[in-house]
Structures are given as C-alpha cells and as structure tokens.
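This report concerns only the one structure given below.
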Amino acid sequence: MRIATWNVNGIRARLGPVTDWLRDRAPDIALLQEIKTQDDGFPREAIAALGYEIHTHGQKGFNGVAILSRLPVSDVMRGLPGDEADGQARWIEATVTGTRPVRVACLYLPNGNPAPGPKYDYKLAWMERLRARARAILASERPAVLAGDYNVIPTPQDARRPEAWAQDALFLPDSRAAFRRLEHLGLYDAIRLRHPDGGHYTFWDFQRGAWERDDGIRIDHHLLTPQAADLLTDAWVEREMRGGERPSDHVPVWVQLDA
DNA sequence: ATGGTTGTGCGACAA
C-alpha cells in the first residue's frame, strides 16, 4: 500500500498536474490538502474516471482536505474533534483496506502567522486537539498514518536556512515543542526514520526564487503509529514535482506499507 | 526593511 500526501494549493488550478500524477504514479491513497473549494466544487468526474473513490471535507475559498483511494474506504470522519465552534475544514479520517485495514488521517494544520497573535493561538490550540485525537488513535493499537501539511519545521536540519525562520510560526519553539509532544506519544516520522540525514524538503516558496536556490523546508509529514511503523518499507519525497508545469509550492511525500 | 508569487474569486486575504 502506497500513500502520498500532497498540499495541492487549489484542486481546480492543479487538476491537470493532479490527474497526470494519479495516472503516472498511481498512489493507492492520495491525501490532498488546500483543495480550496466546497465539496460541490470538487472536480470529481476527472478523478473518479481514474479509478479513485473520493471523500472531501471542503470549504469555500480556503483550506479543505480530501482522501482519494483506489482501495475500499470505510468509517469516514470529518473535522478534528475538540471544538464545535471551529468551522475550518482541516481534517478528514477514514479506514482504507488493502491486505489489512489502515486508519488514515489527512490534515492541514494551521499556518499560524503572524506570531504572536490570534492565528498563532489557534495553531497551538489545534495542535493540542490533534494530540488528543492522536492519543485516541494510538489507543486502538492498530496501524494508522496521520499525514498532511503540518506547517511545522521539526528541527534545524529540516530547513536550508533555519535562521530565516526563527521568528516564523512554522519554526517557533512552541510549534516545534508541540510537534515533539506528538512524537513523544509514540508516533514515528516516516521520512526521519528512513532518511535521518536531513534535507528532504517538501515546500519551496513561490517568492524570491526559493526553488531555484533550493531554499526549502520540510513541513509535510507522515506520522505513524508503532503498528504502522512496523509495516513501513519505504518513505520518500517526490521532489521533482516542484519543477513541473504549474507546480504547487508543496510536493508529494510518500510512504509504502506492507499492508 | 521591503517586496517578491500564487489561488480564490473579483476585493482582499491567506500562505
């Protein structure tokens, strides 16, 4: 079972690249963030025609997440629990069954800039809700993958120029500490497990020639329960997608599980 | 210090 997460930065603007990618790379499961459309605006036909079941949690103009799967999907849950008043579409979760069932969550963690301020407060509160949900998923003692745009640079080796991010919500000490708290529950960062060398950036800003300078950061992650980590056979970043036609500012990040 | 770019949707705002 191969699972890819990709912040597409607008599914309608990216429909060509996304359908080409689904056809060429054929992920079993694709977890998309920032679809930037309501559910009824999602281009279902073009993607369903490639053999994918589609489950969306959309929002007008901003945010929005989706699960695309060539394998059977069950028990879909929309919205991160813990705040009934939160209307932002940043979480969808489901069970996908290959040779065995895997619980998969697709998340778009708040950016949090500018920090300090209400947006940063929302980010940290959201991460605390994520921790509660992760704890419940871990308690099932089953294979589960929590993947998406975490908007957190976990360590200095995850940025080409860490000093440039010192005051940014993606790298502030409280953001990194909250990410570590997730890991300390017993979740494993798949790219870190397979590639402890650093680099492996997943995002390059559209501005200032960031891609041409390889001025990247690693903010898109797969966090695995121990039962999923036991099944992990590979993890990689599809870096070359950033140089393609009409790219997103993020690239796909993959895991392969023996499941 | 500022401005640089992209997407949504048509004026800002988010990133």
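Scheme for the structure tokens: letters A, B, ... for chains in order shown; per-chain residue numbers from 1; ligand numbers from 1 in order shown.
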
Considering only C-alpha atoms (C1' of nucleotides), give me a table of residues in chain A that are at most 6 Å from chain B, with the closest atom pair and distance in Å for each, as a Markdown table.
| residue | atom | partner | partner_atom | distance |
| --- | --- | --- | --- | --- |
| A:Gly61 | CA | B:DT8 | C1' | 5.3 |
| A:Phe206 | CA | B:DT5 | C1' | 5.0 |
| A:Gln207 | CA | B:DT5 | C1' | 5.0 |
| A:Arg208 | CA | B:DG4 | C1' | 5.6 |

Output of the above residues as an mmCIF file, in the first residue's frame, restricted to N, CA and C atoms:
data_model
loop_
_atom_site.group_PDB
_atom_site.id
_atom_site.type_symbol
_atom_site.label_atom_id
_atom_site.label_comp_id
_atom_site.auth_asym_id
_atom_site.auth_seq_id
_atom_site.Cartn_x
_atom_site.Cartn_y
_atom_site.Cartn_z
ATOM 1 N N GLY A 61 -13.176 28.674 -0.795
ATOM 2 C CA GLY A 61 -12.024 29.575 -0.939
ATOM 3 C C GLY A 61 -10.750 29.182 -0.232
ATOM 4 N N PHE A 206 6.843 30.318 -3.443
ATOM 5 C CA PHE A 206 6.765 30.824 -4.815
ATOM 6 C C PHE A 206 7.640 32.059 -5.006
ATOM 7 N N GLN A 207 7.992 32.726 -3.905
ATOM 8 C CA GLN A 207 8.672 34.010 -3.994
ATOM 9 C C GLN A 207 10.192 33.855 -3.883
ATOM 10 N N ARG A 208 10.883 34.879 -4.362
ATOM 11 C CA ARG A 208 12.329 35.026 -4.171
ATOM 12 C C ARG A 208 13.134 33.874 -4.770
#

**Nearby residues (only C-alpha atoms (C1' of nucleotides)) at most 12 Å from A:Gly41, same-chain spacing under 5 positions excluded, as a ChimeraX atom specification** = /A:10-12,35-36,56-61,64

Output file for the selection above: N, CA, C and O atoms, as a tab-separated table (two decimals), in the first residue's frame:
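Saved the output as selection11.tsv:
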chain	number	residue	atom	x	y	z
A	10	GLY	N	-5.03	24.39	-4.22
A	10	GLY	CA	-6.12	24.66	-5.16
A	10	GLY	C	-6.31	23.51	-6.13
A	10	GLY	O	-5.55	23.37	-7.08
A	11	ILE	N	-7.34	22.67	-5.91
A	11	ILE	CA	-7.52	21.48	-6.75
A	11	ILE	C	-7.93	21.86	-8.16
A	11	ILE	O	-7.58	21.16	-9.12
A	12	ARG	N	-8.65	22.96	-8.33
A	12	ARG	CA	-9.08	23.31	-9.69
A	12	ARG	C	-7.92	23.86	-10.50
A	12	ARG	O	-7.75	23.51	-11.68
A	35	ILE	N	-7.52	22.09	-0.88
A	35	ILE	CA	-8.28	21.95	-2.12
A	35	ILE	C	-9.00	23.25	-2.45
A	35	ILE	O	-9.35	23.49	-3.60
A	36	LYS	N	-9.21	24.11	-1.48
A	36	LYS	CA	-9.75	25.47	-1.67
A	36	LYS	C	-11.07	25.49	-2.43
A	36	LYS	O	-11.29	26.37	-3.26
A	56	THR	N	-14.36	14.15	0.44
A	56	THR	CA	-13.85	15.50	0.65
A	56	THR	C	-14.43	16.10	1.93
A	56	THR	O	-15.50	15.72	2.40
A	57	HIS	N	-13.66	17.05	2.46
A	57	HIS	CA	-14.16	17.93	3.52
A	57	HIS	C	-13.73	19.33	3.11
A	57	HIS	O	-12.61	19.75	3.39
A	58	GLY	N	-14.61	20.02	2.37
A	58	GLY	CA	-14.24	21.26	1.71
A	58	GLY	C	-14.76	22.49	2.42
A	58	GLY	O	-15.55	22.43	3.36
A	59	GLN	N	-14.28	23.63	1.90
A	59	GLN	CA	-14.63	24.94	2.46
A	59	GLN	C	-14.46	25.95	1.34
A	59	GLN	O	-13.56	25.82	0.50
A	60	LYS	N	-15.30	26.96	1.30
A	60	LYS	CA	-15.25	27.94	0.22
A	60	LYS	C	-13.96	28.77	0.28
A	60	LYS	O	-13.71	29.45	1.28
A	61	GLY	N	-13.18	28.67	-0.79
A	61	GLY	CA	-12.02	29.58	-0.94
A	61	GLY	C	-10.75	29.18	-0.23
A	61	GLY	O	-9.66	29.45	-0.75
A	64	GLY	N	-9.56	23.00	3.22
A	64	GLY	CA	-10.19	21.87	2.53
A	64	GLY	C	-9.23	20.71	2.35
A	64	GLY	O	-8.07	20.90	1.96

**Request:** Can you work out which one of A:Leu68, A:Ala177, A:Ala132, A:Met127 has the shortest atom-to-atom distance to A:Phe42, counting only C-alpha atoms?
**Result:**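 Selected residue with least distance to A:Phe42: A:Leu68.
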
**Message:** Rounded to one decimal, what separation in Å do you get between atom CA of A:Ala94 and atom CA of A:Glu34?
**Reply:** 18.1 Å

Env of A:Tyr52: 12 Å cut, atoms = only C-alpha atoms (C1' of nucleotides), seq-sep filter 5 positions within chain, self excluded. Answer as a PDB file with C-alpha atoms, in the first residue's frame.
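And here's out-v3.pdb as it stands now:
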ATOM      1  CA  THR A  19      -4.680  13.801 -12.842  1.00  0.00           C
ATOM      2  CA  LEU A  22      -2.527   9.949 -10.432  1.00  0.00           C
ATOM      3  CA  ARG A  23      -2.231   8.295 -13.844  1.00  0.00           C
ATOM      4  CA  ALA A  26      -0.930   5.616  -9.222  1.00  0.00           C
ATOM      5  CA  PRO A  27      -0.877   6.023  -5.432  1.00  0.00           C
ATOM      6  CA  ASP A  28      -3.255   3.645  -3.676  1.00  0.00           C
ATOM      7  CA  ILE A  29      -4.255   6.551  -1.454  1.00  0.00           C
ATOM      8  CA  ALA A  30      -3.741  10.271  -2.065  1.00  0.00           C
ATOM      9  CA  LEU A  31      -4.290  12.691   0.805  1.00  0.00           C
ATOM     10  CA  ARG A  44     -14.979  14.530  -9.035  1.00  0.00           C
ATOM     11  CA  GLU A  45     -15.521  13.131 -12.531  1.00  0.00           C
ATOM     12  CA  ALA A  46     -11.947  13.559 -13.811  1.00  0.00           C
ATOM     13  CA  ILE A  47     -10.538  11.842 -10.728  1.00  0.00           C
ATOM     14  CA  ALA A  66      -9.658  15.147   0.572  1.00  0.00           C
ATOM     15  CA  ILE A  67      -8.960  11.423   0.548  1.00  0.00           C
ATOM     16  CA  LEU A  68      -8.657   9.716  -2.853  1.00  0.00           C
ATOM     17  CA  SER A  69      -8.429   5.935  -2.759  1.00  0.00           C
ATOM     18  CA  ARG A  70      -8.230   3.034  -5.204  1.00  0.00           C
ATOM     19  CA  LEU A  71      -8.871   0.723  -2.219  1.00  0.00           C
ATOM     20  CA  PRO A  72     -12.168   0.392  -0.318  1.00  0.00           C
ATOM     21  CA  VAL A  73     -12.824   3.183   2.206  1.00  0.00           C
TER      22      VAL A  73
END

**Request:** Can you pull out every residue within 10 Å of A:Ile191, counting only C-alpha atoms (C1' of nucleotides), but drop anything in the same chain fewer than 3 positions away, and send it as a VMD selection string?
**Result:** chain A and resid 188 194 to 198 200 218 220 to 223 234 to 237 253 to 255

**Request:** Give the strand (DSSP E or B) residues of stretch 4-64 of chain A, as DSSP finds them on the backbone, and put them as a ChimeraX atom specification.
**Result:** /A:4-7,29-33,53-57

Selection from above, all heavy atoms, as an mmCIF file, in the first residue's frame, can you write it?
data_model
loop_
_atom_site.group_PDB
_atom_site.id
_atom_site.type_symbol
_atom_site.label_atom_id
_atom_site.label_comp_id
_atom_site.auth_asym_id
_atom_site.auth_seq_id
_atom_site.Cartn_x
_atom_site.Cartn_y
_atom_site.Cartn_z
ATOM 1 N N ALA A 4 0.343 8.721 -0.489
ATOM 2 C CA ALA A 4 1.004 10.001 -0.736
ATOM 3 C C ALA A 4 0.187 11.120 -0.114
ATOM 4 O O ALA A 4 -1.049 11.113 -0.178
ATOM 5 C CB ALA A 4 1.149 10.247 -2.233
ATOM 6 N N THR A 5 0.870 12.103 0.488
ATOM 7 C CA THR A 5 0.220 13.325 0.934
ATOM 8 C C THR A 5 0.735 14.475 0.085
ATOM 9 O O THR A 5 1.912 14.534 -0.253
ATOM 10 C CB THR A 5 0.476 13.600 2.433
ATOM 11 O OG1 THR A 5 -0.177 14.830 2.792
ATOM 12 C CG2 THR A 5 1.951 13.719 2.755
ATOM 13 N N TRP A 6 -0.199 15.387 -0.287
ATOM 14 C CA TRP A 6 0.198 16.488 -1.167
ATOM 15 C C TRP A 6 -0.699 17.697 -0.913
ATOM 16 O O TRP A 6 -1.927 17.592 -1.072
ATOM 17 C CB TRP A 6 0.077 16.044 -2.628
ATOM 18 C CG TRP A 6 0.661 16.969 -3.644
ATOM 19 C CD1 TRP A 6 1.466 18.064 -3.426
ATOM 20 C CD2 TRP A 6 0.501 16.889 -5.069
ATOM 21 N NE1 TRP A 6 1.817 18.653 -4.609
ATOM 22 C CE2 TRP A 6 1.241 17.950 -5.641
ATOM 23 C CE3 TRP A 6 -0.188 16.019 -5.908
ATOM 24 C CZ2 TRP A 6 1.301 18.173 -7.009
ATOM 25 C CZ3 TRP A 6 -0.129 16.236 -7.278
ATOM 26 C CH2 TRP A 6 0.621 17.292 -7.821
ATOM 27 N N ASN A 7 -0.080 18.808 -0.531
ATOM 28 C CA ASN A 7 -0.797 20.083 -0.478
ATOM 29 C C ASN A 7 -0.797 20.627 -1.903
ATOM 30 O O ASN A 7 0.235 21.081 -2.402
ATOM 31 C CB ASN A 7 -0.125 21.057 0.499
ATOM 32 C CG ASN A 7 -0.846 22.398 0.555
ATOM 33 O OD1 ASN A 7 -1.356 22.880 -0.450
ATOM 34 N ND2 ASN A 7 -0.877 23.008 1.726
ATOM 35 N N ILE A 29 -3.521 5.531 -2.185
ATOM 36 C CA ILE A 29 -4.255 6.551 -1.454
ATOM 37 C C ILE A 29 -3.535 7.881 -1.624
ATOM 38 O O ILE A 29 -2.318 7.954 -1.454
ATOM 39 C CB ILE A 29 -4.343 6.203 0.042
ATOM 40 C CG1 ILE A 29 -5.069 4.860 0.228
ATOM 41 C CG2 ILE A 29 -5.031 7.302 0.838
ATOM 42 C CD1 ILE A 29 -4.361 3.956 1.169
ATOM 43 N N ALA A 30 -4.287 8.917 -1.985
ATOM 44 C CA ALA A 30 -3.741 10.271 -2.065
ATOM 45 C C ALA A 30 -4.491 11.141 -1.067
ATOM 46 O O ALA A 30 -5.726 11.197 -1.082
ATOM 47 C CB ALA A 30 -3.887 10.830 -3.478
ATOM 48 N N LEU A 31 -3.731 11.804 -0.208
ATOM 49 C CA LEU A 31 -4.290 12.691 0.805
ATOM 50 C C LEU A 31 -3.974 14.115 0.366
ATOM 51 O O LEU A 31 -2.806 14.508 0.322
ATOM 52 C CB LEU A 31 -3.661 12.391 2.173
ATOM 53 C CG LEU A 31 -3.736 10.914 2.590
ATOM 54 C CD1 LEU A 31 -2.949 10.683 3.873
ATOM 55 C CD2 LEU A 31 -5.176 10.470 2.750
ATOM 56 N N LEU A 32 -5.008 14.872 0.028
ATOM 57 C CA LEU A 32 -4.806 16.215 -0.523
ATOM 58 C C LEU A 32 -5.200 17.277 0.493
ATOM 59 O O LEU A 32 -6.219 17.135 1.187
ATOM 60 C CB LEU A 32 -5.639 16.404 -1.795
ATOM 61 C CG LEU A 32 -5.481 15.365 -2.894
ATOM 62 C CD1 LEU A 32 -6.316 15.765 -4.117
ATOM 63 C CD2 LEU A 32 -4.024 15.162 -3.277
ATOM 64 N N GLN A 33 -4.414 18.349 0.537
ATOM 65 C CA GLN A 33 -4.745 19.500 1.383
ATOM 66 C C GLN A 33 -4.839 20.763 0.535
ATOM 67 O O GLN A 33 -4.320 20.827 -0.569
ATOM 68 C CB GLN A 33 -3.680 19.718 2.473
ATOM 69 C CG GLN A 33 -3.490 18.535 3.408
ATOM 70 C CD GLN A 33 -2.464 17.561 2.886
ATOM 71 O OE1 GLN A 33 -1.452 17.972 2.313
ATOM 72 N NE2 GLN A 33 -2.710 16.270 3.065
ATOM 73 N N GLU A 53 -12.008 6.451 -5.497
ATOM 74 C CA GLU A 53 -13.089 6.824 -4.614
ATOM 75 C C GLU A 53 -12.695 8.165 -3.974
ATOM 76 O O GLU A 53 -11.540 8.358 -3.612
ATOM 77 C CB GLU A 53 -13.205 5.726 -3.550
ATOM 78 C CG GLU A 53 -14.444 5.709 -2.722
ATOM 79 C CD GLU A 53 -14.454 4.479 -1.793
ATOM 80 O OE1 GLU A 53 -14.001 3.379 -2.208
ATOM 81 O OE2 GLU A 53 -14.914 4.641 -0.670
ATOM 82 N N ILE A 54 -13.642 9.095 -3.849
ATOM 83 C CA ILE A 54 -13.322 10.459 -3.410
ATOM 84 C C ILE A 54 -14.133 10.815 -2.167
ATOM 85 O O ILE A 54 -15.362 10.680 -2.170
ATOM 86 C CB ILE A 54 -13.641 11.470 -4.533
ATOM 87 C CG1 ILE A 54 -12.823 11.149 -5.784
ATOM 88 C CG2 ILE A 54 -13.401 12.903 -4.064
ATOM 89 C CD1 ILE A 54 -13.359 11.799 -7.047
ATOM 90 N N HIS A 55 -13.431 11.267 -1.133
ATOM 91 C CA HIS A 55 -14.091 11.759 0.085
ATOM 92 C C HIS A 55 -13.502 13.119 0.417
ATOM 93 O O HIS A 55 -12.293 13.219 0.634
ATOM 94 C CB HIS A 55 -13.891 10.775 1.240
ATOM 95 C CG HIS A 55 -14.441 9.415 0.937
ATOM 96 N ND1 HIS A 55 -15.746 9.085 1.192
ATOM 97 C CD2 HIS A 55 -13.868 8.339 0.344
ATOM 98 C CE1 HIS A 55 -15.952 7.834 0.795
ATOM 99 N NE2 HIS A 55 -14.831 7.365 0.274
ATOM 100 N N THR A 56 -14.361 14.146 0.444
ATOM 101 C CA THR A 56 -13.854 15.503 0.655
ATOM 102 C C THR A 56 -14.425 16.099 1.934
ATOM 103 O O THR A 56 -15.496 15.718 2.404
ATOM 104 C CB THR A 56 -14.231 16.424 -0.523
ATOM 105 O OG1 THR A 56 -15.664 16.485 -0.618
ATOM 106 C CG2 THR A 56 -13.667 15.916 -1.829
ATOM 107 N N HIS A 57 -13.663 17.055 2.457
ATOM 108 C CA HIS A 57 -14.159 17.930 3.523
ATOM 109 C C HIS A 57 -13.727 19.329 3.106
ATOM 110 O O HIS A 57 -12.606 19.747 3.385
ATOM 111 C CB HIS A 57 -13.577 17.512 4.879
ATOM 112 C CG HIS A 57 -14.110 18.310 6.024
ATOM 113 N ND1 HIS A 57 -15.433 18.696 6.117
ATOM 114 C CD2 HIS A 57 -13.508 18.790 7.133
ATOM 115 C CE1 HIS A 57 -15.597 19.378 7.242
ATOM 116 N NE2 HIS A 57 -14.447 19.460 7.873
#

**Asked** Quick one: residues within 9 Å of stretch 142-158 of chain A, only C-alpha atoms (C1' of nucleotides) counted, chain neighbours fewer than 4 positions away excluded, as an MDAnalysis selection string?
**Response** chainID A and resid 3:7 31:33 93 95 101:112 134 137:138 162:163 165 169:172 175:177 179:180 197:201 216:231 250 253

**Message:** Using only C-alpha atoms (C1' of nucleotides), which protein or nucleic acid residues come within 12 Å of A:Gly87? Drop anything in the same chain fewer than 2 positions from it, and give the result as a list in words.
**Reply:**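 Once the adjacent positions are removed, what remains is His57, Gly58, Gln59, Lys60, Phe62, Asn63, Gly64, Arg78, Gly79, Leu80, Pro81, Gly82, Asp83, Glu84, Ala85, Ala89, Arg90 and Trp91 of chain A.
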
With C-alpha atoms kept, could you save the residues just selected as a PDB file, in the first residue's frame?
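Just written: part.pdb:
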ATOM      1  CA  HIS A  57     -14.159  17.930   3.523  1.00  0.00           C
ATOM      2  CA  GLY A  58     -14.241  21.259   1.708  1.00  0.00           C
ATOM      3  CA  GLN A  59     -14.633  24.944   2.461  1.00  0.00           C
ATOM      4  CA  LYS A  60     -15.250  27.944   0.221  1.00  0.00           C
ATOM      5  CA  PHE A  62      -9.671  28.289   1.745  1.00  0.00           C
ATOM      6  CA  ASN A  63      -8.384  25.131   3.392  1.00  0.00           C
ATOM      7  CA  GLY A  64     -10.187  21.874   2.533  1.00  0.00           C
ATOM      8  CA  ARG A  78     -14.803  14.830   9.023  1.00  0.00           C
ATOM      9  CA  GLY A  79     -13.467  17.579  11.289  1.00  0.00           C
ATOM     10  CA  LEU A  80     -10.948  17.427  14.120  1.00  0.00           C
ATOM     11  CA  PRO A  81     -12.808  16.844  17.402  1.00  0.00           C
ATOM     12  CA  GLY A  82     -12.486  19.168  20.357  1.00  0.00           C
ATOM     13  CA  ASP A  83     -14.066  22.467  19.253  1.00  0.00           C
ATOM     14  CA  GLU A  84     -17.632  22.544  17.943  1.00  0.00           C
ATOM     15  CA  ALA A  85     -17.217  26.218  17.001  1.00  0.00           C
ATOM     16  CA  ALA A  89     -12.037  22.273   7.091  1.00  0.00           C
ATOM     17  CA  ARG A  90      -8.660  20.830   8.038  1.00  0.00           C
ATOM     18  CA  TRP A  91      -9.224  17.170   8.953  1.00  0.00           C
TER      19      TRP A  91
END

**Message:** Which of stretch 78-189 of chain A end up as helix (DSSP H, G or I) when DSSP is run on this backbone - answer as JSON, numbers by chain?
**Reply:** {"A": [118, 119, 120, 121, 122, 123, 124, 125, 126, 127, 128, 129, 130, 131, 132, 133, 134, 135, 136, 137, 138, 139, 156, 157, 158, 162, 163, 164, 165, 173, 174, 175, 176, 177, 178, 179, 180, 181, 182, 183, 184]}

**Prompt:** Between A:Pro247, A:Gly186, A:Gly16, A:Gly51, which one has atoms that come closest to A:Trp204, using only C-alpha atoms?
**Reply:**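 When distances to A:Trp204 are compared using only C-alpha atoms, the smallest one comes from A:Pro247.
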
**Prompt:** Could you work out how far atom CA of A:Val76 lies from atom CA of A:Glu128, giving the answer in Å with one decimal?
**Reply:** 21.9 Å

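From atom CA of A:Phe203 back to atom CA of A:Asp215, the distance works out to 8.8 Å.
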